[in-house]
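Have a look at target_14.cif below; it lists mmCIF, C-alpha atoms and all ligand atoms.
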```
data_structure
loop_
_atom_site.label_atom_id
_atom_site.label_comp_id
_atom_site.auth_asym_id
_atom_site.auth_seq_id
_atom_site.Cartn_x
_atom_site.Cartn_y
_atom_site.Cartn_z
CA MET H 530 -10.18 -50.02 -10.48
CA HIS H 531 -13.56 -49.43 -8.88
CA ARG H 532 -15.44 -46.23 -9.39
CA VAL H 533 -18.05 -44.89 -7.01
CA ILE H 534 -21.21 -44.09 -8.92
CA LYS H 535 -23.19 -41.24 -7.51
CA ASN H 536 -26.57 -42.27 -6.03
CA SER H 537 -25.85 -45.99 -6.31
CA PRO H 538 -25.48 -48.28 -3.28
CA ALA H 539 -21.85 -48.47 -2.32
CA PRO H 540 -20.31 -51.93 -2.21
CA ALA H 541 -19.15 -52.88 1.28
CA VAL H 542 -15.54 -52.76 0.17
CA LEU H 543 -15.88 -49.06 -0.58
CA ARG H 544 -17.44 -47.99 2.70
CA PRO H 545 -14.14 -47.25 4.44
CA ALA H 546 -13.14 -45.12 1.50
CA LEU H 547 -16.43 -43.24 1.62
CA ILE H 548 -16.05 -42.67 5.34
CA ALA H 549 -12.54 -41.40 4.68
CA ALA H 550 -13.88 -39.10 1.99
CA PHE H 551 -16.47 -37.74 4.41
CA LEU H 552 -13.83 -37.18 7.08
CA LEU H 553 -11.55 -35.48 4.56
CA SER H 554 -14.37 -33.21 3.57
CA ALA H 555 -14.77 -32.24 7.23
CA ILE H 556 -11.02 -31.70 7.55
CA ILE H 557 -11.00 -29.49 4.50
CA GLN H 558 -13.87 -27.42 5.81
CA PHE H 559 -12.24 -26.71 9.13
CA SER H 560 -8.53 -26.84 8.51
CA PRO H 561 -6.26 -24.12 7.19
CA ARG H 562 -6.40 -23.81 3.46
CA ALA H 563 -2.68 -24.29 3.24
CA PHE H 564 -2.99 -27.77 4.69
CA ALA H 565 -6.12 -28.85 2.89
CA GLY H 566 -4.25 -29.78 -0.26
CA LEU H 567 -1.71 -31.69 1.80
CA ALA H 568 -4.45 -33.67 3.55
CA PHE H 569 -5.98 -34.41 0.17
CA ASP H 570 -2.68 -35.72 -1.15
CA GLN H 571 -1.98 -37.77 1.95
CA LEU H 572 -5.35 -39.48 1.87
CA ASN H 573 -4.93 -40.26 -1.78
CA ALA H 574 -1.53 -41.78 -1.05
CA ALA H 575 -2.96 -43.82 1.84
CA ALA H 576 -5.74 -45.41 -0.20
CA PRO H 577 -4.51 -45.59 -3.77
CA GLN H 578 -6.41 -48.78 -4.58
CA VAL H 579 -9.86 -47.21 -4.62
CA GLU H 580 -10.77 -44.24 -6.76
CA VAL H 581 -13.08 -41.99 -4.79
CA PRO H 582 -14.57 -38.73 -6.03
CA LEU H 583 -13.12 -36.58 -3.28
CA ALA H 584 -14.21 -33.01 -2.87
CA PRO H 585 -11.51 -30.58 -3.91
CA PRO H 586 -10.26 -27.96 -1.44
CA PRO H 587 -12.76 -25.09 -1.23
CA GLN H 588 -12.30 -22.34 -3.73
CA ASN H 589 -14.73 -19.89 -2.23
CA ALA H 590 -14.34 -20.19 1.51
CA THR H 591 -14.98 -16.87 3.13
CA GLU H 592 -12.78 -17.11 6.17
CA TYR H 593 -9.75 -18.96 7.37
CA ARG H 594 -6.97 -18.63 9.84
CA ALA H 595 -3.55 -19.71 8.74
CA ALA H 596 -2.82 -21.40 12.04
CA PRO H 597 -4.01 -21.37 15.66
CA GLY H 598 -1.09 -19.23 16.87
CA LEU H 599 0.00 -15.77 15.79
CA ASN H 600 -0.60 -14.72 12.18
CA VAL H 601 0.61 -11.44 10.72
CA TYR H 602 -0.40 -10.19 7.28
CA PHE H 603 1.41 -7.42 5.45
CA VAL H 604 -1.57 -6.38 3.39
CA ASN H 605 -1.05 -5.20 -0.16
CA VAL H 606 -2.77 -1.81 -0.05
CA GLY H 607 -0.73 -0.05 -2.71
CA GLN H 608 1.44 2.85 -1.56
CA GLY H 609 0.80 2.80 2.18
CA ASP H 610 0.94 0.63 5.27
CA SER H 611 -1.49 -1.87 6.72
CA GLU H 612 -0.75 -4.93 8.81
CA TYR H 613 -3.45 -7.25 10.13
CA ILE H 614 -2.74 -9.54 13.07
CA GLU H 615 -4.57 -12.64 14.28
CA LEU H 616 -3.58 -13.18 17.90
CA PRO H 617 -3.22 -16.59 19.57
CA ASP H 618 -6.37 -16.30 21.67
CA GLY H 619 -8.61 -15.36 18.75
CA LYS H 620 -8.34 -11.60 19.15
CA ASN H 621 -7.20 -9.44 16.27
CA ALA H 622 -5.45 -6.16 15.61
CA LEU H 623 -4.90 -3.77 12.73
CA ILE H 624 -1.89 -1.50 12.31
CA ASP H 625 -2.71 1.37 9.94
CA GLY H 626 -5.17 1.19 7.07
CA GLY H 627 -3.40 2.13 3.86
CA PRO H 628 -4.11 5.01 1.48
CA SER H 629 -7.78 4.57 0.62
CA SER H 630 -11.10 4.71 2.47
CA SER H 631 -12.86 3.13 -0.51
CA ALA H 632 -14.86 -0.08 -0.15
CA SER H 633 -12.82 -1.45 -3.07
CA SER H 634 -9.46 -0.74 -1.46
CA GLY H 635 -6.93 -3.45 -0.73
CA LEU H 636 -7.69 -3.34 2.99
CA ALA H 637 -11.48 -3.33 2.54
CA ARG H 638 -11.26 -6.36 0.27
CA PHE H 639 -8.92 -8.16 2.65
CA LEU H 640 -11.20 -7.55 5.65
CA LYS H 641 -14.27 -8.61 3.68
CA GLU H 642 -12.75 -11.85 2.52
CA LYS H 643 -11.87 -12.63 6.13
CA ASN H 644 -15.35 -11.66 7.34
CA VAL H 645 -13.86 -9.24 9.86
CA THR H 646 -16.65 -7.44 11.70
CA HIS H 647 -14.80 -6.69 14.92
CA ILE H 648 -11.23 -5.59 15.66
CA ASP H 649 -9.96 -5.61 19.22
CA ASP H 650 -7.05 -3.22 18.78
CA VAL H 651 -6.41 -0.65 16.05
CA VAL H 652 -3.13 1.29 15.91
CA LEU H 653 -2.58 4.46 13.90
CA THR H 654 1.20 4.81 13.78
CA HIS H 655 1.06 8.46 12.66
CA PRO H 656 -1.41 10.79 10.91
CA HIS H 657 -0.44 10.56 7.25
CA ALA H 658 -3.08 9.70 4.67
CA ASP H 659 -1.29 6.58 3.44
CA HIS H 660 -1.74 5.19 6.97
CA PHE H 661 -5.04 6.57 8.28
CA SER H 662 -7.31 6.61 5.20
CA GLY H 663 -8.16 2.92 5.40
CA LEU H 664 -9.03 3.37 9.06
CA LEU H 665 -11.73 5.81 7.97
CA TYR H 666 -13.20 2.86 6.06
CA VAL H 667 -13.01 0.67 9.17
CA PHE H 668 -14.75 3.23 11.37
CA SER H 669 -17.46 4.02 8.84
CA HIS H 670 -18.49 0.52 7.75
CA GLY H 671 -19.80 -1.02 10.94
CA ILE H 672 -16.61 -2.77 12.02
CA LYS H 673 -16.66 -2.64 15.80
CA VAL H 674 -13.37 -1.56 17.37
CA ASP H 675 -12.58 -1.88 21.07
CA ASN H 676 -9.32 0.04 21.44
CA PHE H 677 -7.59 2.73 19.39
CA TYR H 678 -3.89 3.50 19.86
CA ASP H 679 -2.76 6.89 18.65
CA THR H 680 0.25 9.17 18.70
CA ARG H 681 -0.31 12.74 19.89
CA ALA H 682 0.65 14.30 16.58
CA ASP H 683 -1.80 16.50 14.72
CA ASN H 684 -1.28 16.81 10.99
CA THR H 685 -2.05 20.49 10.46
CA GLY H 686 -1.97 19.94 6.71
CA SER H 687 -4.96 17.61 6.79
CA THR H 688 -8.46 17.65 8.22
CA MET H 689 -8.97 13.95 7.63
CA ASP H 690 -6.89 12.85 10.61
CA ASP H 691 -9.17 15.04 12.75
CA LYS H 692 -12.20 13.43 11.14
CA LEU H 693 -10.90 9.96 11.98
CA ARG H 694 -10.24 10.90 15.59
CA SER H 695 -13.67 12.49 15.90
CA GLU H 696 -15.26 9.33 14.58
CA VAL H 697 -13.28 7.17 17.01
CA SER H 698 -14.42 9.39 19.86
CA ALA H 699 -18.05 9.49 18.66
CA GLN H 700 -18.17 5.70 18.65
CA GLY H 701 -16.99 5.59 22.26
CA VAL H 702 -13.84 3.67 21.38
CA ASN H 703 -11.15 3.79 24.05
CA THR H 704 -8.19 5.82 22.81
CA HIS H 705 -4.76 5.06 24.24
CA TYR H 706 -1.56 7.04 23.77
CA PRO H 707 1.43 4.70 24.06
CA VAL H 708 4.58 6.09 25.65
CA ALA H 709 8.13 5.34 24.51
CA GLY H 710 9.59 2.82 26.92
CA GLY H 711 6.13 1.60 27.88
CA THR H 712 3.94 -1.22 26.64
CA MET H 713 0.67 -1.85 24.88
CA ASP H 714 -1.48 -4.36 26.73
CA TRP H 715 -3.71 -6.23 24.33
CA GLY H 716 -4.70 -8.68 27.05
CA VAL H 717 -3.39 -11.74 25.22
CA PRO H 718 -1.46 -14.24 27.34
CA GLY H 719 2.03 -14.78 25.96
CA VAL H 720 1.99 -11.69 23.76
CA ASP H 721 4.17 -8.78 24.91
CA ILE H 722 4.36 -5.43 23.18
CA LYS H 723 7.17 -2.97 23.94
CA VAL H 724 6.90 0.58 22.62
CA PHE H 725 10.14 2.26 21.53
CA ASN H 726 8.85 5.49 20.04
CA ALA H 727 5.75 7.69 20.01
CA CYS H 728 4.88 11.33 20.50
CA SER H 729 3.09 11.14 23.80
CA ASP H 730 3.30 14.93 24.24
CA PRO H 731 1.25 16.90 21.72
CA VAL H 732 2.93 17.85 18.45
CA SER H 733 1.36 19.90 15.67
CA ALA H 734 3.12 19.81 12.33
CA SER H 735 2.60 19.55 8.63
CA ASP H 736 6.09 18.59 7.54
CA GLY H 737 6.53 14.98 6.67
CA ALA H 738 9.62 14.15 8.69
CA THR H 739 8.20 15.47 11.99
CA LEU H 740 5.06 13.41 11.61
CA ASN H 741 6.97 10.33 10.42
CA ASN H 742 9.16 10.57 13.50
CA CYS H 743 6.08 10.53 15.74
CA SER H 744 5.37 7.00 14.50
CA ILE H 745 4.43 4.52 17.18
CA VAL H 746 7.31 2.04 16.94
CA PHE H 747 6.82 -1.24 18.76
CA LYS H 748 7.95 -4.83 19.02
CA LEU H 749 5.46 -7.64 19.39
CA SER H 750 6.89 -10.77 21.02
CA TYR H 751 5.29 -14.17 21.22
CA ASP H 752 6.67 -17.62 21.84
CA GLY H 753 10.27 -16.37 21.72
CA ALA H 754 9.78 -14.75 18.32
CA SER H 755 9.35 -11.06 17.59
CA ILE H 756 8.28 -8.57 14.97
CA LEU H 757 9.35 -4.92 14.96
CA PHE H 758 6.91 -2.43 13.44
CA MET H 759 8.59 0.83 12.43
CA GLY H 760 5.74 2.87 10.98
CA ASP H 761 7.43 5.60 8.93
CA ALA H 762 10.12 6.39 11.50
CA GLN H 763 13.26 7.81 9.94
CA ALA H 764 16.97 7.79 10.74
CA ASP H 765 16.63 10.24 13.67
CA VAL H 766 14.38 7.81 15.47
CA GLU H 767 16.54 4.84 14.51
CA ASN H 768 19.59 6.59 15.99
CA ALA H 769 17.72 7.50 19.16
CA ILE H 770 16.36 4.04 19.84
CA ILE H 771 19.61 2.20 19.19
CA GLN H 772 21.22 4.50 21.78
CA LYS H 773 18.48 3.82 24.28
CA TYR H 774 17.45 0.22 23.63
CA GLY H 775 20.26 -1.40 21.61
CA PRO H 776 19.92 -5.19 21.78
CA GLU H 777 16.29 -4.92 22.85
CA LEU H 778 15.52 -4.03 19.25
CA LYS H 779 16.51 -7.50 18.03
CA ALA H 780 13.63 -8.97 16.05
CA ASP H 781 13.07 -11.92 13.72
CA VAL H 782 10.91 -9.88 11.41
CA LEU H 783 11.00 -6.19 10.50
CA LYS H 784 8.18 -4.14 9.04
CA VAL H 785 10.58 -1.81 7.26
CA GLY H 786 10.30 1.88 8.11
CA HIS H 787 8.86 4.46 5.70
CA HIS H 788 8.21 2.18 2.72
CA GLY H 789 11.92 1.49 2.28
CA SER H 790 12.83 5.15 1.77
CA LYS H 791 16.44 6.28 1.79
CA TYR H 792 15.71 8.24 4.97
CA SER H 793 15.26 5.07 7.00
CA SER H 794 16.89 1.64 7.40
CA THR H 795 20.35 2.81 8.46
CA VAL H 796 22.95 0.09 8.86
CA PRO H 797 23.71 0.54 12.61
CA PHE H 798 20.00 0.29 13.37
CA LEU H 799 19.57 -2.76 11.15
CA GLN H 800 22.57 -4.39 12.79
CA ASP H 801 20.83 -4.17 16.17
CA VAL H 802 17.54 -5.47 14.78
CA SER H 803 19.24 -8.14 12.66
CA PRO H 804 16.00 -9.37 11.07
CA GLN H 805 15.75 -12.59 9.09
CA ARG H 806 12.81 -11.30 7.13
CA ALA H 807 12.01 -7.71 6.17
CA TYR H 808 8.71 -6.56 4.70
CA ILE H 809 8.36 -3.35 2.69
CA GLU H 810 4.81 -2.06 2.22
CA VAL H 811 4.91 -0.11 -1.01
CA GLY H 812 3.02 0.56 -4.24
CA GLN H 813 3.31 2.82 -7.25
CA ASN H 814 4.79 6.11 -6.10
CA ASN H 815 6.85 9.11 -7.12
CA TYR H 816 9.07 9.09 -4.05
CA GLY H 817 11.55 6.47 -5.16
CA HIS H 818 10.26 3.96 -2.62
CA PRO H 819 11.78 1.59 -1.94
CA SER H 820 15.31 2.91 -2.33
CA GLN H 821 18.09 0.67 -3.51
CA GLN H 822 20.08 1.93 -0.51
CA ALA H 823 17.53 0.62 1.98
CA ILE H 824 17.28 -2.71 0.19
CA SER H 825 21.07 -3.05 0.11
CA ASN H 826 21.30 -2.16 3.80
CA LEU H 827 18.67 -4.78 4.66
CA GLN H 828 20.45 -7.41 2.63
CA SER H 829 23.80 -6.47 4.16
CA VAL H 830 22.54 -7.60 7.59
CA GLY H 831 21.24 -10.86 6.15
CA ALA H 832 17.58 -10.03 5.81
CA GLN H 833 15.41 -11.60 3.14
CA VAL H 834 13.43 -8.71 1.66
CA PHE H 835 9.79 -8.86 0.56
CA ARG H 836 7.74 -6.05 -0.92
CA THR H 837 4.00 -5.94 -1.31
CA ASP H 838 4.07 -4.31 -4.74
CA GLN H 839 5.95 -7.27 -6.19
CA ASP H 840 5.05 -10.11 -3.86
CA GLY H 841 1.45 -9.20 -2.95
CA THR H 842 0.03 -9.63 0.52
CA GLN H 843 2.53 -11.47 2.67
CA GLU H 844 1.79 -13.64 5.68
CA ILE H 845 3.83 -15.10 8.51
CA THR H 846 2.70 -17.45 11.24
CA ASP H 847 4.01 -18.68 14.58
CA ASN H 848 2.12 -21.63 15.99
CA GLY H 849 4.72 -22.59 18.55
CA SER H 850 7.72 -23.48 16.43
CA GLY H 851 9.02 -20.07 15.47
CA ILE H 852 8.03 -17.70 12.72
CA GLN H 853 7.34 -19.28 9.36
CA PRO H 854 6.17 -17.77 6.10
CA VAL H 855 2.79 -18.94 4.87
CA SER H 856 1.65 -18.77 1.31
CA TYR H 857 -1.18 -16.30 1.39
CA ARG H 858 -3.77 -16.94 -1.28
CA ALA H 859 -6.28 -14.19 -1.65
CA LEU H 860 -9.69 -15.78 -1.92
CA LEU H 861 -10.79 -12.87 -4.04
CA PRO H 862 -8.55 -11.68 -6.86
CA GLU H 863 -5.35 -10.21 -5.50
CA PHE H 864 -5.54 -6.47 -5.06
CA SER H 865 -3.56 -4.72 -7.73
CA THR H 866 -1.92 -1.36 -7.31
CA ALA H 867 -3.55 -0.48 -10.62
CA ASP H 868 -6.86 -0.61 -8.72
CA ALA H 869 -5.63 1.77 -6.06
CA THR H 870 -8.07 4.48 -5.15
CA VAL H 871 -6.09 7.03 -3.24
CA ASP H 872 -8.12 9.67 -1.46
CA ASN H 873 -5.60 12.44 -1.86
CA THR H 874 -1.91 12.96 -2.16
CA PRO H 875 -0.07 12.04 0.99
CA ASP H 876 -0.39 14.70 3.61
CA GLY H 877 2.40 16.87 4.85
CA GLY H 878 2.67 19.73 2.42
CA PRO H 879 4.20 19.72 -1.01
CA GLU H 880 5.07 16.25 -2.19
CA GLY H 881 8.57 15.28 -1.43
CA PRO H 882 10.50 12.18 -0.47
CA ASN H 883 9.99 12.89 3.22
CA ASP H 884 6.37 13.72 3.07
CA ASP H 885 4.42 10.52 2.98
ZN ZN H 901 3.76 6.25 4.88
#
```

Represent the supplied structure as structure tokens.
Amino acid sequence: MHRVIKNSPAPAVLRPALIAAFLLSAIIQFSPRAFAGLAFDQLNAAAPQVEVPLAPPPQNATEYRAAPGLNVYFVNVGQGDSEYIELPDGKNALIDGGPSSSASSGLARFLKEKNVTHIDDVVLTHPHADHFSGLLYVFSHGIKVDNFYDTRADNTGSTMDDKLRSEVSAQGVNTHYPVAGGTMDWGVPGVDIKVFNACSDPVSASDGATLNNCSIVFKLSYDGASILFMGDAQADVENAIIQKYGPELKADVLKVGHHGSKYSSTVPFLQDVSPQRAYIEVGQNNYGHPSQQAISNLQSVGAQVFRTDQDGTQEITDNGSGIQPVSYRALLPEFSTADATVDNTPDGGPEGPNDD
């Protein structure tokens, strides 16, 4: 067995191995983290006769994309919702921001480790603190946003949703109000977004259910695969959209409504969606989220259920061969719900199972 000694001339027989090591180093630098280890193993298998001090996969890379196609992250933000999307043409989008505007929040840490300084499209599904607070972080820390998608619901129990909207306006960001039955155009070839629910006429309310049911509900389709984002929509909305859209609701992946509460995820709705994978964004809470009923209903239609409080940030990718799970490895320590800094109790009046 030969060993390459650092700083010594390499024998001719070792040059191919050194070239291979250099190439592997380049591959590791520019390839998805998930595949770096695989490339390492394959090269080792291909040249077992020479021991070469190969560089290990990077432990402190600051940015990576899972794959060149569509990547969706269900970010572990504690008790709240936030989904980050890398689009096939390099654009990105953020759906909700979770419960904290702190620079140490789960979302802030996620965006930092990805070096996100610009977001093309930001969606606020509805004006509850466990959805909009993290967007206050986004709009107050120099992250440039091009488009903001909002529902026309004012949370009269909170001033912070007004503050967010004022900030969006002050920064000159285009605000769009999606309409049920319409689309969102993110300008990405091959990506289609159909909107099934929103309050496009103004609503003022403080009760939780009314605001939840103003959630922008939409399905993102790409490459024959689809993901349905439910915000916190409850059974009333589920009933309405299965009447109106039925089979159009079919999706491979479901962002489960309302943190898996017992007021959402009804069986007839789930039968139309028929998701293979269902993601519940949830953290420590007093609401009983997620409910055993919702989990049972999801499983009864064949969905595999994931929850951010137990499974951490979850990631799926579609690079042309359908939606696949990817093992997300936080490059900083995984956010823990124990670290959660929640700005205030969820808006909507006295705390209750409907109110967040
Ligand atoms: Zn919520």

Write out as an MDAnalysis selection string which residues come within 9 Å of Lys723 of chain H when counting all atoms listed in the file, dropping same-chain ones fewer than 2 positions away.
chainID H and resid 709:713 721 725 746:750

Under the rule that all atoms listed in the file are counted, which of H:Ser744, H:Gln800, H:Asn644, H:Ser829 is the nearest residue to ligand ZN 901 (chain H)?
H:Ser744

Edge lengths and centre in Å to one decimal, as AutoDock Vina command-line options, is what I'm after for the box along x, y and z that holds all listed atoms of segment 820-837 of chain H once 5 Å is added on each side.
```
--center_x 13.9 --center_y -4.3 --center_z 2.0 --size_x 29.8 --size_y 24.5 --size_z 21.1
```

Of the candidates H:Ser611, H:Ser803, H:Gln700, H:Ser733, which shows the shortest atom-to-atom distance to ligand ZN 901 (chain H), using all atoms listed in the file?
H:Ser611

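Proximity ranking of H:Pro628, H:Gly716, H:Pro797, H:Gly619 relative to ligand ZN 901 (chain H) places H:Pro628 first, based on all atoms listed in the file.
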
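Residues of protein or nucleic acid lying within 9 Å of ligand ZN 901 (chain H), counting all atoms listed in the file, are Gln608, Gly609, Asp610, Gly627, Pro628, His655, His657, Ala658, Asp659, His660, Asn741, Gly760, Asp761, Gly786, His787, His788, Glu810, Val811, Pro875, Asp884 and Asp885 of chain H.
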
Mind writing the picked residues with C-alpha atoms as an mmCIF file, keeping the file's coordinate frame?
```cif
data_model
loop_
_atom_site.group_PDB
_atom_site.id
_atom_site.type_symbol
_atom_site.label_atom_id
_atom_site.label_comp_id
_atom_site.auth_asym_id
_atom_site.auth_seq_id
_atom_site.Cartn_x
_atom_site.Cartn_y
_atom_site.Cartn_z
ATOM 1 C CA GLN H 608 1.440 2.850 -1.560
ATOM 2 C CA GLY H 609 0.800 2.800 2.180
ATOM 3 C CA ASP H 610 0.940 0.630 5.270
ATOM 4 C CA GLY H 627 -3.400 2.130 3.860
ATOM 5 C CA PRO H 628 -4.110 5.010 1.480
ATOM 6 C CA HIS H 655 1.060 8.460 12.660
ATOM 7 C CA HIS H 657 -0.440 10.560 7.250
ATOM 8 C CA ALA H 658 -3.080 9.700 4.670
ATOM 9 C CA ASP H 659 -1.290 6.580 3.440
ATOM 10 C CA HIS H 660 -1.740 5.190 6.970
ATOM 11 C CA ASN H 741 6.970 10.330 10.420
ATOM 12 C CA GLY H 760 5.740 2.870 10.980
ATOM 13 C CA ASP H 761 7.430 5.600 8.930
ATOM 14 C CA GLY H 786 10.300 1.880 8.110
ATOM 15 C CA HIS H 787 8.860 4.460 5.700
ATOM 16 C CA HIS H 788 8.210 2.180 2.720
ATOM 17 C CA GLU H 810 4.810 -2.060 2.220
ATOM 18 C CA VAL H 811 4.910 -0.110 -1.010
ATOM 19 C CA PRO H 875 -0.070 12.040 0.990
ATOM 20 C CA ASP H 884 6.370 13.720 3.070
ATOM 21 C CA ASP H 885 4.420 10.520 2.980
#
```

Counting all atoms listed in the file, which of H:Ala807, H:Met759, H:Leu640, H:Ala764 gets nearest to Ser793 of chain H?
H:Ala764

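Considering only C-alpha atoms, the residue among H:Asn684, H:Thr795, H:Gln843, H:Ser850 positioned nearest to Phe603 of chain H is H:Gln843.
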
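From atom CA of Trp715 of chain H back to atom CA of Ala769 of chain H, the distance works out to 26.0 Å.
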
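In this structure, atom CA of Gly607 of chain H sits 10.4 Å away from atom CA of Gln839 of chain H.
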
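One finds atom CA of Ser631 of chain H at 12.0 Å from atom CA of Phe668 of chain H.
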
Exercise: Ala727 of chain H partners within 9 Å, all atoms listed in the file, chain neighbours under 6 positions left out, as a compact mmCIF listing (two decimals) with C-alpha atoms, in the coordinates of the input:
```
# COMPACT_ATOMS: atom_id res chain seq x y z
CA THR H 654 1.20 4.81 13.78
CA HIS H 655 1.06 8.46 12.66
CA ASP H 679 -2.76 6.89 18.65
CA THR H 680 0.25 9.17 18.70
CA ARG H 681 -0.31 12.74 19.89
CA TYR H 706 -1.56 7.04 23.77
CA PRO H 707 1.43 4.70 24.06
CA VAL H 708 4.58 6.09 25.65
CA ALA H 709 8.13 5.34 24.51
CA ASN H 742 9.16 10.57 13.50
CA CYS H 743 6.08 10.53 15.74
CA SER H 744 5.37 7.00 14.50
CA ILE H 745 4.43 4.52 17.18
CA VAL H 746 7.31 2.04 16.94
```

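Closest approach to Pro656 of chain H among H:Gly598, H:Gly635, H:Gly831, H:Gly737: H:Gly737, based on only C-alpha atoms.
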
9 Å contact set for Val796 of chain H, all atoms listed in the file, chain neighbours under 2 positions out, as a ChimeraX atom specification:
/H:794,798-801,823,826-827,829-830

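Once all atoms listed in the file are considered, the residues situated within 9 Å of the file point (5.8, -22.5, 19.0) turn out to be Gly598, Tyr751, Asp752, Gly753, Ala754, Asp847, Asn848, Gly849, Ser850, Gly851 and Ile852 of chain H.
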
Residues within 12 Å of Glu696 of chain H, only C-alpha atoms, excluding chain neighbours under 2 positions, as number ranges by chain:
H: 664-671, 674, 677, 689-694, 698-704

Suppose we keep C-alpha atoms; can you now write the selection as a short mmCIF file (atom, residue, chain, number, x, y, z; two decimals), in the frame of the given file?
```
data_model
loop_
_atom_site.label_atom_id
_atom_site.label_comp_id
_atom_site.auth_asym_id
_atom_site.auth_seq_id
_atom_site.Cartn_x
_atom_site.Cartn_y
_atom_site.Cartn_z
CA LEU H 664 -9.03 3.37 9.06
CA LEU H 665 -11.73 5.81 7.97
CA TYR H 666 -13.20 2.86 6.06
CA VAL H 667 -13.01 0.67 9.17
CA PHE H 668 -14.75 3.23 11.37
CA SER H 669 -17.46 4.02 8.84
CA HIS H 670 -18.49 0.52 7.75
CA GLY H 671 -19.80 -1.02 10.94
CA VAL H 674 -13.37 -1.56 17.37
CA PHE H 677 -7.59 2.73 19.39
CA MET H 689 -8.97 13.95 7.63
CA ASP H 690 -6.89 12.85 10.61
CA ASP H 691 -9.17 15.04 12.75
CA LYS H 692 -12.20 13.43 11.14
CA LEU H 693 -10.90 9.96 11.98
CA ARG H 694 -10.24 10.90 15.59
CA SER H 698 -14.42 9.39 19.86
CA ALA H 699 -18.05 9.49 18.66
CA GLN H 700 -18.17 5.70 18.65
CA GLY H 701 -16.99 5.59 22.26
CA VAL H 702 -13.84 3.67 21.38
CA ASN H 703 -11.15 3.79 24.05
CA THR H 704 -8.19 5.82 22.81
#
```
